[in-house]
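Q: As input, take work-v2.csv (CSV, C-alpha atoms and all ligand atoms):
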chain,number,residue,atom,x,y,z
Y,27,MET,CA,77.5,113.7,145.0
Y,28,LYS,CA,80.6,113.4,142.8
Y,29,LYS,CA,81.3,116.4,140.6
Y,30,ILE,CA,82.3,116.3,136.9
Y,31,ALA,CA,83.9,119.2,135.1
Y,32,PHE,CA,82.6,118.6,131.6
Y,33,PHE,CA,84.6,120.5,129.0
Y,34,GLU,CA,83.7,121.6,125.5
Y,35,THR,CA,79.9,121.1,125.9
Y,36,LYS,CA,77.7,121.3,122.9
Y,37,PRO,CA,73.9,121.2,123.1
Y,38,TYR,CA,73.8,117.6,121.9
Y,39,ASP,CA,76.3,116.5,124.6
Y,40,ARG,CA,74.2,118.1,127.3
Y,41,GLU,CA,71.1,116.4,126.0
Y,42,SER,CA,72.6,112.9,125.9
Y,43,PHE,CA,74.5,113.2,129.2
Y,44,ASP,CA,71.5,114.7,131.1
Y,45,ARG,CA,69.4,111.8,129.8
Y,46,ALA,CA,72.0,109.1,130.8
Y,47,ASN,CA,73.0,110.8,134.1
Y,48,GLN,CA,69.6,110.5,135.9
Y,49,GLY,CA,70.9,112.8,138.6
Y,50,ARG,CA,73.7,110.5,139.8
Y,51,TYR,CA,76.5,113.1,139.2
Y,52,ASP,CA,76.7,116.8,139.5
Y,53,ILE,CA,77.8,117.7,136.0
Y,54,CYS,CA,79.3,121.2,135.6
Y,55,TYR,CA,79.0,121.9,131.9
Y,56,PHE,CA,81.6,124.3,130.5
Y,57,GLU,CA,81.7,125.5,126.9
Y,58,THR,CA,85.5,125.9,126.9
Y,59,ARG,CA,87.8,123.2,125.7
Y,60,LEU,CA,90.1,121.5,128.3
Y,61,LYS,CA,93.6,123.1,128.0
Y,62,ALA,CA,95.9,124.9,130.3
Y,63,PRO,CA,93.9,128.2,130.8
Y,64,SER,CA,90.6,126.3,131.5
Y,65,VAL,CA,92.0,123.9,134.1
Y,66,PRO,CA,90.9,126.1,137.1
Y,67,LEU,CA,87.3,125.5,136.1
Y,68,ALA,CA,87.8,121.9,137.5
Y,69,GLU,CA,88.5,123.2,141.0
Y,70,GLY,CA,86.8,120.8,143.5
Y,71,CYS,CA,85.7,118.4,140.8
Y,72,ASP,CA,86.4,114.6,141.2
Y,73,ALA,CA,86.4,113.9,137.4
Y,74,ALA,CA,87.0,115.8,134.2
Y,75,CYS,CA,85.4,114.9,130.9
Y,76,ALA,CA,87.1,116.0,127.6
Y,77,PHE,CA,86.9,115.4,123.9
Y,78,VAL,CA,89.1,114.8,120.9
Y,79,ASN,CA,90.8,118.1,120.5
Y,80,ALA,CA,91.4,118.9,124.2
Y,81,GLU,CA,95.1,119.7,124.9
Y,82,ILE,CA,96.0,117.4,127.8
Y,83,ASP,CA,99.7,118.0,128.3
Y,84,ALA,CA,101.7,117.5,131.5
Y,85,LYS,CA,100.7,121.0,132.8
Y,86,VAL,CA,97.0,120.3,132.4
Y,87,VAL,CA,97.4,116.9,134.0
Y,88,GLU,CA,99.2,118.4,137.0
Y,89,GLY,CA,96.7,121.2,137.3
Y,90,LEU,CA,93.7,118.8,137.2
Y,91,VAL,CA,95.2,116.6,139.9
Y,92,LYS,CA,96.1,119.6,142.1
Y,93,ARG,CA,92.5,120.7,142.0
Y,94,GLY,CA,91.2,117.3,143.1
Y,95,VAL,CA,90.5,115.6,139.8
Y,96,LYS,CA,91.2,111.9,140.1
Y,97,ILE,CA,90.0,110.6,136.8
Y,98,LEU,CA,89.9,111.9,133.2
Y,99,ALA,CA,87.0,110.5,131.2
Y,100,MET,CA,87.6,111.0,127.5
Y,101,ARG,CA,84.3,110.8,125.8
Y,102,CYS,CA,85.9,109.6,122.6
Y,103,ALA,CA,87.8,106.6,121.2
Y,104,GLY,CA,91.1,108.3,120.2
Y,105,TYR,CA,93.6,109.4,122.9
Y,106,ASN,CA,96.5,110.9,121.0
Y,107,ASN,CA,95.9,114.2,122.7
Y,108,VAL,CA,96.7,112.9,126.2
Y,109,ASP,CA,100.1,112.9,127.8
Y,110,PHE,CA,100.0,109.5,129.4
Y,111,GLU,CA,103.4,109.7,130.9
Y,112,ALA,CA,102.3,112.7,132.9
Y,113,ALA,CA,99.0,111.0,133.8
Y,114,CYS,CA,101.0,108.1,135.1
Y,115,LYS,CA,103.4,110.4,137.0
Y,116,TYR,CA,100.7,112.5,138.7
Y,117,GLY,CA,98.3,109.6,139.3
Y,118,LEU,CA,95.5,110.6,137.0
Y,119,THR,CA,93.4,107.6,135.8
Y,120,VAL,CA,92.4,107.9,132.1
Y,121,VAL,CA,89.4,106.1,130.6
Y,122,ARG,CA,87.8,106.4,127.2
Y,123,VAL,CA,84.9,105.1,125.1
Y,124,PRO,CA,86.5,102.6,122.8
Y,125,ALA,CA,83.4,102.0,120.7
Y,126,TYR,CA,80.2,103.9,120.6
Y,127,SER,CA,79.0,103.4,117.1
Y,128,PRO,CA,81.6,102.1,114.6
Y,129,TYR,CA,78.6,102.1,112.2
Y,130,ALA,CA,78.3,105.9,112.5
Y,131,VAL,CA,81.9,106.5,111.4
Y,132,ALA,CA,82.0,103.9,108.7
Y,133,GLU,CA,78.7,105.1,107.3
Y,134,HIS,CA,80.1,108.7,107.2
Y,135,ALA,CA,83.1,107.5,105.3
Y,136,ALA,CA,80.7,105.9,102.8
Y,137,ALA,CA,78.7,109.2,102.7
Y,138,LEU,CA,81.9,111.1,101.9
Y,139,LEU,CA,82.9,108.6,99.2
Y,140,LEU,CA,79.4,108.6,97.5
Y,141,THR,CA,79.1,112.4,97.7
Y,142,LEU,CA,82.5,113.0,96.2
Y,143,ASN,CA,82.3,110.3,93.5
Y,144,ARG,CA,78.7,111.3,92.3
Y,145,HIS,CA,79.3,115.1,92.9
Y,146,ILE,CA,76.2,115.3,95.1
Y,147,HIS,CA,77.5,118.5,96.7
Y,148,LYS,CA,77.8,120.2,93.3
Y,149,ALA,CA,74.5,118.8,92.0
Y,150,SER,CA,72.6,120.0,95.1
Y,151,ALA,CA,74.1,123.5,94.8
Y,152,ARG,CA,73.2,123.6,91.0
Y,153,THR,CA,69.6,122.5,91.3
Y,154,ARG,CA,68.9,125.0,94.1
Y,155,ASP,CA,69.9,127.6,91.5
Y,156,PHE,CA,67.7,126.0,88.9
Y,157,ASN,CA,70.7,124.8,87.0
Y,158,PHE,CA,69.9,121.3,85.8
Y,159,SER,CA,73.0,120.7,83.7
Y,160,LEU,CA,74.9,117.4,84.2
Y,161,VAL,CA,78.1,118.6,82.7
Y,162,GLY,CA,81.0,117.9,85.0
Y,163,LEU,CA,79.0,115.5,87.3
Y,164,THR,CA,80.2,112.2,85.8
Y,165,GLY,CA,81.3,109.7,88.5
Y,166,PHE,CA,82.4,106.1,88.3
Y,167,ASP,CA,80.8,102.8,89.3
Y,168,LEU,CA,82.1,101.6,92.7
Y,169,HIS,CA,81.1,98.1,91.7
Y,170,GLY,CA,84.2,96.2,90.5
Y,171,LYS,CA,86.6,98.9,91.9
Y,172,THR,CA,89.1,98.2,94.6
Y,173,ALA,CA,88.8,99.6,98.1
Y,174,GLY,CA,92.0,99.7,100.3
Y,175,ILE,CA,91.3,99.8,104.0
Y,176,VAL,CA,94.1,100.9,106.3
Y,177,GLY,CA,93.4,99.7,109.8
Y,178,THR,CA,91.0,96.8,110.1
Y,179,GLY,CA,89.6,97.3,113.6
Y,180,LYS,CA,86.0,98.0,114.4
Y,181,ILE,CA,85.4,100.8,112.0
Y,182,GLY,CA,87.6,99.6,109.2
Y,183,ARG,CA,85.9,96.2,109.1
Y,184,ILE,CA,82.4,97.7,108.9
Y,185,PHE,CA,83.6,100.0,106.1
Y,186,ALA,CA,85.0,96.9,104.4
Y,187,ASP,CA,81.5,95.3,104.7
Y,188,ILE,CA,79.9,98.4,103.1
Y,189,CYS,CA,82.4,98.3,100.2
Y,190,ASN,CA,81.7,94.6,99.8
Y,191,GLY,CA,78.0,95.5,99.6
Y,192,PHE,CA,78.8,97.8,96.7
Y,193,GLY,CA,80.5,94.9,94.9
Y,194,MET,CA,83.9,96.3,95.4
Y,195,LYS,CA,87.1,94.2,95.8
Y,196,VAL,CA,88.4,94.9,99.3
Y,197,ILE,CA,92.1,94.7,100.3
Y,198,ALA,CA,93.5,95.7,103.6
Y,199,TYR,CA,96.6,96.8,105.5
Y,200,ASP,CA,97.1,96.6,109.2
Y,201,ALA,CA,100.2,96.6,111.4
Y,202,PHE,CA,98.4,93.8,113.4
Y,203,PRO,CA,96.4,91.8,110.8
Y,204,ASN,CA,93.4,90.0,112.0
Y,205,PRO,CA,93.2,86.5,110.4
Y,206,ALA,CA,89.7,86.0,111.6
Y,207,SER,CA,88.5,89.1,109.6
Y,208,GLY,CA,88.5,87.1,106.4
Y,209,LEU,CA,90.2,90.2,104.7
Y,210,GLU,CA,92.9,90.0,102.1
Y,211,TYR,CA,95.9,91.7,103.7
Y,212,VAL,CA,98.6,93.3,101.5
Y,213,ALA,CA,101.6,95.6,102.2
Y,214,LEU,CA,100.8,99.3,102.4
Y,215,ASP,CA,102.6,100.1,99.1
Y,216,GLU,CA,100.7,97.4,97.3
Y,217,LEU,CA,97.4,98.7,98.7
Y,218,LEU,CA,98.2,102.2,97.5
Y,219,ALA,CA,99.1,101.0,94.1
Y,220,GLN,CA,96.0,98.9,93.6
Y,221,SER,CA,93.2,100.8,95.3
Y,222,ASP,CA,90.7,103.1,93.6
Y,223,VAL,CA,89.6,104.2,97.0
Y,224,VAL,CA,91.8,104.3,100.1
Y,225,SER,CA,90.1,104.8,103.5
Y,226,LEU,CA,92.0,105.4,106.7
Y,227,HIS,CA,90.9,103.7,109.9
Y,228,CYS,CA,94.0,103.3,112.0
Y,229,PRO,CA,94.9,105.4,115.1
Y,230,LEU,CA,97.3,108.3,115.1
Y,231,LEU,CA,100.5,107.1,116.6
Y,232,PRO,CA,104.1,108.3,116.1
Y,233,GLU,CA,104.5,105.5,113.5
Y,234,THR,CA,101.3,106.4,111.6
Y,235,HIS,CA,101.9,110.2,111.7
Y,236,HIS,CA,101.9,111.4,108.0
Y,237,MET,CA,101.6,107.8,106.7
Y,238,ILE,CA,100.0,109.5,103.7
Y,239,ASN,CA,102.8,111.8,102.5
Y,240,ALA,CA,104.5,113.0,99.3
Y,241,GLU,CA,106.3,109.7,99.0
Y,242,THR,CA,103.3,107.4,99.6
Y,243,LEU,CA,101.1,109.6,97.4
Y,244,GLY,CA,103.6,109.1,94.7
Y,245,LYS,CA,102.7,105.3,94.8
Y,246,VAL,CA,99.0,105.6,94.5
Y,247,LYS,CA,96.8,104.5,91.6
Y,248,PRO,CA,96.1,107.6,89.4
Y,249,GLY,CA,92.7,109.1,90.3
Y,250,MET,CA,92.5,107.4,93.7
Y,251,VAL,CA,90.0,108.8,96.1
Y,252,LEU,CA,91.2,109.3,99.7
Y,253,ILE,CA,88.8,109.1,102.6
Y,254,ASN,CA,90.0,110.0,106.1
Y,255,THR,CA,87.6,109.7,109.0
Y,256,SER,CA,90.4,108.7,111.5
Y,257,ARG,CA,92.8,111.4,112.5
Y,258,GLY,CA,94.1,114.4,110.5
Y,259,GLY,CA,97.7,113.7,111.5
Y,260,LEU,CA,97.7,110.6,109.4
Y,261,VAL,CA,97.9,112.8,106.3
Y,262,ASP,CA,100.5,115.4,105.4
Y,263,SER,CA,98.0,118.1,104.2
Y,264,GLU,CA,100.5,120.0,102.1
Y,265,ALA,CA,101.4,116.8,100.2
Y,266,LEU,CA,97.7,116.0,99.8
Y,267,LEU,CA,97.1,119.5,98.4
Y,268,ALA,CA,100.0,119.1,96.0
Y,269,ALA,CA,98.7,115.7,94.8
Y,270,LEU,CA,95.2,117.1,94.3
Y,271,ARG,CA,96.5,120.2,92.4
Y,272,HIS,CA,98.6,118.0,90.1
Y,273,GLY,CA,95.7,115.7,89.4
Y,274,LYS,CA,97.6,112.7,90.9
Y,275,ILE,CA,94.6,111.8,93.0
Y,276,GLY,CA,90.9,112.1,92.1
Y,277,GLY,CA,89.6,113.5,95.3
Y,278,ALA,CA,89.6,113.6,99.1
Y,279,GLY,CA,86.8,113.2,101.7
Y,280,LEU,CA,88.2,114.5,105.0
Y,281,ASP,CA,86.3,114.4,108.3
Y,282,VAL,CA,89.5,115.3,110.1
Y,283,TYR,CA,92.4,117.7,109.5
Y,284,GLU,CA,95.8,117.8,111.1
Y,285,GLU,CA,95.3,121.4,112.4
Y,286,GLU,CA,91.6,121.0,113.1
Y,287,SER,CA,91.7,121.9,116.8
Y,288,GLU,CA,91.8,125.6,116.0
Y,289,TRP,CA,88.9,125.5,113.6
Y,290,PHE,CA,86.6,122.5,114.0
Y,291,TYR,CA,83.4,122.4,116.1
Y,292,GLU,CA,83.0,126.2,116.0
Y,293,ASP,CA,81.6,128.8,113.6
Y,294,ARG,CA,84.8,130.4,112.4
Y,295,SER,CA,83.2,132.2,109.4
Y,296,ASP,CA,84.0,135.6,110.9
Y,297,VAL,CA,87.7,134.9,111.4
Y,298,THR,CA,89.7,136.9,108.8
Y,299,ARG,CA,93.0,135.1,109.4
Y,300,GLN,CA,92.5,131.7,107.7
Y,301,ASN,CA,94.5,128.5,107.6
Y,302,LYS,CA,96.0,128.6,104.1
Y,303,THR,CA,96.1,124.9,103.5
Y,304,LEU,CA,92.6,124.3,104.8
Y,305,SER,CA,91.2,127.3,102.8
Y,306,LEU,CA,92.7,125.8,99.6
Y,307,LEU,CA,91.4,122.3,100.4
Y,308,VAL,CA,87.8,123.4,101.1
Y,309,SER,CA,87.8,125.5,97.9
Y,310,MET,CA,88.6,122.5,95.7
Y,311,PRO,CA,85.6,121.0,93.9
Y,312,ASN,CA,87.0,117.4,94.4
Y,313,VAL,CA,87.5,117.8,98.2
Y,314,ILE,CA,84.8,117.6,100.9
Y,315,VAL,CA,85.7,118.6,104.4
Y,316,THR,CA,83.3,117.8,107.3
Y,317,SER,CA,84.0,119.0,110.8
Y,318,HIS,CA,85.0,115.8,112.6
Y,319,GLN,CA,81.3,114.8,112.6
Y,320,ALA,CA,81.5,111.1,111.6
Y,321,PHE,CA,80.5,110.1,115.2
Y,322,LEU,CA,77.5,112.3,115.3
Y,323,THR,CA,74.4,110.0,115.4
Y,324,HIS,CA,71.8,109.7,118.1
Y,325,GLU,CA,72.9,106.2,118.8
Y,326,ALA,CA,76.6,107.1,119.2
Y,327,LEU,CA,75.8,110.1,121.5
Y,328,ALA,CA,73.7,107.9,123.7
Y,329,ASN,CA,76.4,105.2,123.9
Y,330,ILE,CA,79.1,107.8,124.6
Y,331,ALA,CA,77.1,109.1,127.5
Y,332,ASP,CA,76.3,105.7,128.9
Y,333,THR,CA,79.9,104.4,128.6
Y,334,THR,CA,81.5,107.5,130.1
Y,335,LEU,CA,79.2,107.5,133.1
Y,336,GLN,CA,79.7,103.7,133.5
Y,337,ASN,CA,83.5,104.3,133.4
Y,338,LEU,CA,83.1,106.8,136.3
Y,339,ASP,CA,80.7,104.5,138.2
Y,340,ASP,CA,83.3,101.7,138.0
Y,341,TYR,CA,86.1,104.0,139.1
Y,342,PHE,CA,84.3,105.4,142.1
Y,343,ALA,CA,83.1,101.9,143.1
Y,344,GLY,CA,86.7,100.7,143.0
Y,345,LYS,CA,85.9,98.2,140.2
Y,346,PRO,CA,88.3,97.1,137.5
Y,347,LEU,CA,88.3,99.6,134.6
Y,348,GLU,CA,87.5,98.0,131.3
Y,349,ASN,CA,88.2,101.2,129.4
Y,350,GLU,CA,91.3,102.4,131.1
Y,351,ILE,CA,94.3,103.5,129.1
Y,352,CYS,CA,97.5,102.9,130.9
Y,353,TYR,CA,100.9,104.4,130.1
Y,354,HIS,CA,102.7,101.2,130.8
Y,355,CYS,CA,100.3,99.1,128.7
Y,356,LEU,CA,100.7,101.6,125.9
Y,357,LYS,CA,104.4,101.5,126.2
Y,358,SER,CA,104.7,97.7,126.3
Y,359,GLY,CA,102.1,96.6,123.8
Y,360,GLY,CA,101.4,99.6,121.6
Y,361,GLN,CA,97.7,98.8,122.1
Y,362,PRO,CA,95.7,99.6,125.1
Y,363,LYS,CA,94.5,96.6,127.0
Y,364,ALA,CA,91.1,96.0,128.5
Y,365,GLY,CA,92.0,96.4,132.2
Y,366,CYS,CA,95.6,97.2,133.1
Y,367,VAL,CA,97.9,94.3,133.9
Y,368,GLN,CA,100.5,96.6,135.3
Y,369,ARG,CA,97.9,98.1,137.6
Y,370,ALA,CA,97.2,94.7,139.1
Y,371,LYS,CA,100.9,94.2,139.7
Y,372,GLY,CA,101.1,97.6,141.3
Y,373,LEU,CA,103.6,98.7,138.6
Y,374,CYS,CA,101.6,101.6,137.3
Y,375,PRO,CA,101.6,104.5,139.8
Y,376,GLY,CA,99.1,106.4,137.7
Y,377,ASN,CA,96.5,103.6,138.0
Y,378,ARG,CA,97.0,102.1,141.4
F,401,LIG,P1,90.3,100.0,116.5
F,401,LIG,O1,91.2,100.1,117.6
F,401,LIG,O2,89.1,99.0,116.6
F,401,LIG,O3,91.1,99.7,115.1
F,401,LIG,C1,92.3,100.3,114.8
F,401,LIG,C2,93.0,99.4,113.9
F,401,LIG,O4,94.2,100.1,113.5
F,401,LIG,C3,93.4,98.1,114.6
F,401,LIG,O5,93.1,97.0,113.7
F,401,LIG,C4,95.0,98.2,114.7
F,401,LIG,O6,95.6,97.0,114.6
F,401,LIG,C5,95.3,99.1,113.5
F,401,LIG,N1,96.6,99.7,113.6
F,401,LIG,C6,97.3,100.0,114.7
F,401,LIG,N2,98.5,100.6,114.4
F,401,LIG,C7,98.5,100.5,113.0
F,401,LIG,C8,99.5,100.9,112.1
F,401,LIG,N3,100.7,101.4,112.5
F,401,LIG,N4,99.3,100.8,110.8
F,401,LIG,C9,98.1,100.3,110.4
F,401,LIG,N5,97.1,99.9,111.2
F,401,LIG,C10,97.3,100.0,112.5
F,401,LIG,O7,89.7,101.5,116.3
F,401,LIG,P2,88.4,101.9,115.6
F,401,LIG,O8,87.3,102.0,116.6
F,401,LIG,O9,88.2,101.2,114.3
F,401,LIG,O10,88.7,103.5,115.2
F,401,LIG,C11,89.7,103.8,114.2
F,401,LIG,C12,90.1,105.2,114.3
F,401,LIG,O11,88.9,106.0,114.0
F,401,LIG,C13,90.4,105.7,115.8
F,401,LIG,O12,91.8,105.6,116.0
F,401,LIG,C14,90.0,107.1,115.8
F,401,LIG,O13,91.1,107.9,115.6
F,401,LIG,C15,89.0,107.3,114.6
F,401,LIG,N6,87.7,107.7,115.0
F,401,LIG,C16,87.2,108.8,114.4
F,401,LIG,C17,85.9,109.3,114.7
F,401,LIG,C18,85.3,110.4,114.0
F,401,LIG,O14,84.3,111.0,114.4
F,401,LIG,N7,85.8,110.9,112.9
F,401,LIG,C19,85.2,108.6,115.6
F,401,LIG,C20,85.7,107.4,116.2
F,401,LIG,C21,87.0,107.0,115.9
Using structure tokens, write down the structure from this file.
Ligand code: NAD

A:
Amino acid sequence: MKKIAFFETKPYDRESFDRANQGRYDICYFETRLKAPSVPLAEGCDAACAFVNAEIDAKVVEGLVKRGVKILAMRCAGYNNVDFEAACKYGLTVVRVPAYSPYAVAEHAAALLLTLNRHIHKASARTRDFNFSLVGLTGFDLHGKTAGIVGTGKIGRIFADICNGFGMKVIAYDAFPNPASGLEYVALDELLAQSDVVSLHCPLLPETHHMINAETLGKVKPGMVLINTSRGGLVDSEALLAALRHGKIGGAGLDVYEEESEWFYEDRSDVTRQNKTLSLLVSMPNVIVTSHQAFLTHEALANIADTTLQNLDDYFAGKPLENEICYHCLKSGGQPKAGCVQRAKGLCPGNR
């Protein structure tokens, strides 16, 4: 039986993977995150399974391969934390789960927006204390306002549909616009200038790192609400903090944070040394931070487990890998392809 070293296990992962596995793999569940010191746990395993904040640099890749791991199954959509050049060099195949429930993430973005705008977090705290005052809880109608969607892939398009349902005007920016989406595309500067709500749904890439920064925040419509359920690195947190403090923007709903890996997914309430920017952000009344939980629905967890195990089944059966991410594909197109063309041509040593 093939063995999987499963890193960063939470009770909900174990439940969904045990249900999907049906005894076909020997899954060794480890609580620790995959990074250099935890690599020895994968000794003798055929596959490793990791999540969004794992630190998969060249040393980790080399260490996994040395210990017998042939395939790294990312149980997430994003892959900015993997050194693909190293994966290619050492011959480690990398697969992911490109879509498990875009609805889960888009609906969480809507939840952040509604909570922020209608001050539900404050109202809930007040009524628990028998304070039924409405002072300071005024929101705005979403109907008739403009939503700017950055990144119009699976999640961005669903969020656009939700905004349309509210009667909002939707405009979009994407480096690769999709004419079939029926969306009105504008330049990023125009989107920032026109939108009452800006929601980020593009991947974290070198070219999107800090796309929301002091300069771009200087171009936004006053009072704009920023929603980020994509990746923390899209936003320069210091610049965001400054814009919030100076009242340039109305609020921020953040499911991701650029330095989240040290904090998110764990109870850090007993840690005295805090991250200053994160502490200031969570203390602001017009900021809501959730701990990268937009994916967390029963449906998404079941799909993550099913697709991850199917990816491994395909790999061990020598079948084409629909969800492989290949260094050469990434380099040539900027977008991962379904199935690796370079692999078929024998050009990608990592995926032969
Ligand atoms: P997707 O690949 O379907 O869509 C991404 C879109 O971004 C595409 O339309 C692409 O053309 C566009 N894009 C690429 N480069 C761009 C650029 N430079 N500028 C603007 N747009 C660009 O991905 P998806 O499934 O919609 O997921 C979007 C993001 O959501 C992922 O990258 C991931 O980081 C994040 N995510 C977060 C969670 C969570 O729990 N918070 C869960 C899943 C995914």

Q: Could you give me the axis-aligned bounding box of ligand LIG 401 (chain F), with 4 Å of padding per side, as centre plus edge lengths in Å to one decimal, as lines of an AutoDock Vina configuration file?

A:
center_x = 92.5
center_y = 104.0
center_z = 114.0
size_x = 24.4
size_y = 22.0
size_z = 15.2

Q: Any residue with an atom at most 6 Å from ligand LIG 401 (chain F) counts, using all atoms listed in the file. Which are they? Put them as a list of chain:residue names.

A: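 For ligand LIG 401 (chain F), the residues inside 6 Å are Y:Ala103, Y:Gly104, Y:Ala125, Y:Val131, Y:Val176, Y:Gly177, Y:Thr178, Y:Gly179, Y:Lys180, Y:Ile181, Y:Gly182, Y:Asp200, Y:Ala201, Y:Phe202, Y:His227, Y:Cys228, Y:Pro229, Y:Glu233, Y:Thr234, Y:Thr255, Y:Ser256, Y:Arg257, Y:Asp281, Y:His318, Y:Gln319, Y:Ala320, Y:Phe321.
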
Q: Would you write out those residues with C-alpha atoms, as a short mmCIF file (atom, residue, chain, number, x, y, z; two decimals), keeping the file's coordinate frame?

A:
data_model
loop_
_atom_site.label_atom_id
_atom_site.label_comp_id
_atom_site.auth_asym_id
_atom_site.auth_seq_id
_atom_site.Cartn_x
_atom_site.Cartn_y
_atom_site.Cartn_z
CA ALA Y 103 87.80 106.60 121.20
CA GLY Y 104 91.10 108.30 120.20
CA ALA Y 125 83.40 102.00 120.70
CA VAL Y 131 81.90 106.50 111.40
CA VAL Y 176 94.10 100.90 106.30
CA GLY Y 177 93.40 99.70 109.80
CA THR Y 178 91.00 96.80 110.10
CA GLY Y 179 89.60 97.30 113.60
CA LYS Y 180 86.00 98.00 114.40
CA ILE Y 181 85.40 100.80 112.00
CA GLY Y 182 87.60 99.60 109.20
CA ASP Y 200 97.10 96.60 109.20
CA ALA Y 201 100.20 96.60 111.40
CA PHE Y 202 98.40 93.80 113.40
CA HIS Y 227 90.90 103.70 109.90
CA CYS Y 228 94.00 103.30 112.00
CA PRO Y 229 94.90 105.40 115.10
CA GLU Y 233 104.50 105.50 113.50
CA THR Y 234 101.30 106.40 111.60
CA THR Y 255 87.60 109.70 109.00
CA SER Y 256 90.40 108.70 111.50
CA ARG Y 257 92.80 111.40 112.50
CA ASP Y 281 86.30 114.40 108.30
CA HIS Y 318 85.00 115.80 112.60
CA GLN Y 319 81.30 114.80 112.60
CA ALA Y 320 81.50 111.10 111.60
CA PHE Y 321 80.50 110.10 115.20
#

Q: Please compute the atom CA of Ser263 of chain Y-atom CA of Gly244 of chain Y distance, one decimal, in Å.

A: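 Interatomic distance, atom CA of Ser263 of chain Y to atom CA of Gly244 of chain Y: 14.2 Å.
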
Q: Which neighbours of segment 77-80 of chain Y fall inside 9 Å, counting all atoms listed in the file, when residues of the same chain fewer than 3 positions from it are skipped, and could you give them as a PyMOL selection string?

A: chain Y and resi 33-34+59-61+99-108+286-288+290

Q: How about saving the chosen residues, C-alpha atoms kept, as a JSON list (two decimals), in the frame of the given file?

A:
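Dumped to again-v4.json:
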[["chain", "number", "residue", "atom", "x", "y", "z"],
["Y", 33, "PHE", "CA", 84.60, 120.50, 129.00],
["Y", 34, "GLU", "CA", 83.70, 121.60, 125.50],
["Y", 59, "ARG", "CA", 87.80, 123.20, 125.70],
["Y", 60, "LEU", "CA", 90.10, 121.50, 128.30],
["Y", 61, "LYS", "CA", 93.60, 123.10, 128.00],
["Y", 99, "ALA", "CA", 87.00, 110.50, 131.20],
["Y", 100, "MET", "CA", 87.60, 111.00, 127.50],
["Y", 101, "ARG", "CA", 84.30, 110.80, 125.80],
["Y", 102, "CYS", "CA", 85.90, 109.60, 122.60],
["Y", 103, "ALA", "CA", 87.80, 106.60, 121.20],
["Y", 104, "GLY", "CA", 91.10, 108.30, 120.20],
["Y", 105, "TYR", "CA", 93.60, 109.40, 122.90],
["Y", 106, "ASN", "CA", 96.50, 110.90, 121.00],
["Y", 107, "ASN", "CA", 95.90, 114.20, 122.70],
["Y", 108, "VAL", "CA", 96.70, 112.90, 126.20],
["Y", 286, "GLU", "CA", 91.60, 121.00, 113.10],
["Y", 287, "SER", "CA", 91.70, 121.90, 116.80],
["Y", 288, "GLU", "CA", 91.80, 125.60, 116.00],
["Y", 290, "PHE", "CA", 86.60, 122.50, 114.00]]

Q: So, counting only C-alpha atoms, which residue among Y:Val95, Y:Ile82, Y:Leu335, Y:Leu252 is closest to Glu111 of chain Y?

A: Y:Ile82

Q: For atom CA of Val315 of chain Y and atom CA of Leu270 of chain Y, quote the distance in Å rounded to one decimal.

A: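 That distance, rounded to one decimal, is 13.9 Å.
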
Q: Between atom CA of Val246 of chain Y and atom CA of Thr141 of chain Y, what is the distance in Å, rounded to a tenth?

A: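 Separation between atom CA of Val246 of chain Y and atom CA of Thr141 of chain Y: 21.3 Å.
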
Q: Around (87.3, 120.7, 135.1) in the file's own coordinates, what residues are found within 12 Å if you use all atoms listed in the file, given back as a PyMOL selection string?

A: chain Y and resi 29-35+53-76+80+82+86-87+89-99

Q: Have a look at Y:Glu133, Y:Ser225, Y:Val282, Y:Lys302 and name the one nearest to Ile188 of chain Y; count only C-alpha atoms.

A: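 When distances to Ile188 of chain Y are compared using only C-alpha atoms, the smallest one comes from Y:Glu133.
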
Q: Per residue of segment 238-330 of chain Y within 9 Å of segment 212-223 of chain Y, which atom pair is closest and at what distance in Å (one decimal), using only C-alpha atoms, listed by chain and increasing number, as a Markdown table?

A:
| residue | atom | partner | partner_atom | distance |
| --- | --- | --- | --- | --- |
| Y:Thr242 | CA | Y:Asp215 | CA | 7.4 |
| Y:Leu243 | CA | Y:Leu218 | CA | 7.9 |
| Y:Lys245 | CA | Y:Ala219 | CA | 5.7 |
| Y:Val246 | CA | Y:Leu218 | CA | 4.6 |
| Y:Lys247 | CA | Y:Ala219 | CA | 4.9 |
| Y:Pro248 | CA | Y:Asp222 | CA | 8.2 |
| Y:Gly249 | CA | Y:Asp222 | CA | 7.1 |
| Y:Met250 | CA | Y:Asp222 | CA | 4.7 |
| Y:Val251 | CA | Y:Val223 | CA | 4.7 |
| Y:Leu252 | CA | Y:Val223 | CA | 6.0 |
| Y:Ile253 | CA | Y:Val223 | CA | 7.5 |

Q: Which of these residues is nearest to Tyr353 of chain Y, using all atoms listed in the file: Y:Thr119, Y:Asn301, Y:Gln336, Y:Ser317?

A: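 Once distances to Tyr353 of chain Y are computed over all atoms listed in the file, the minimum belongs to Y:Thr119.
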
Q: What's around Ala268 of chain Y at 12 Å? Count all atoms listed in the file, leave out sequence neighbours fewer than 3 positions away in its own chain, and write the answer as a ChimeraX atom specification.

A: /Y:239-241,243-244,262-265,271-275,277,303,306-307,310
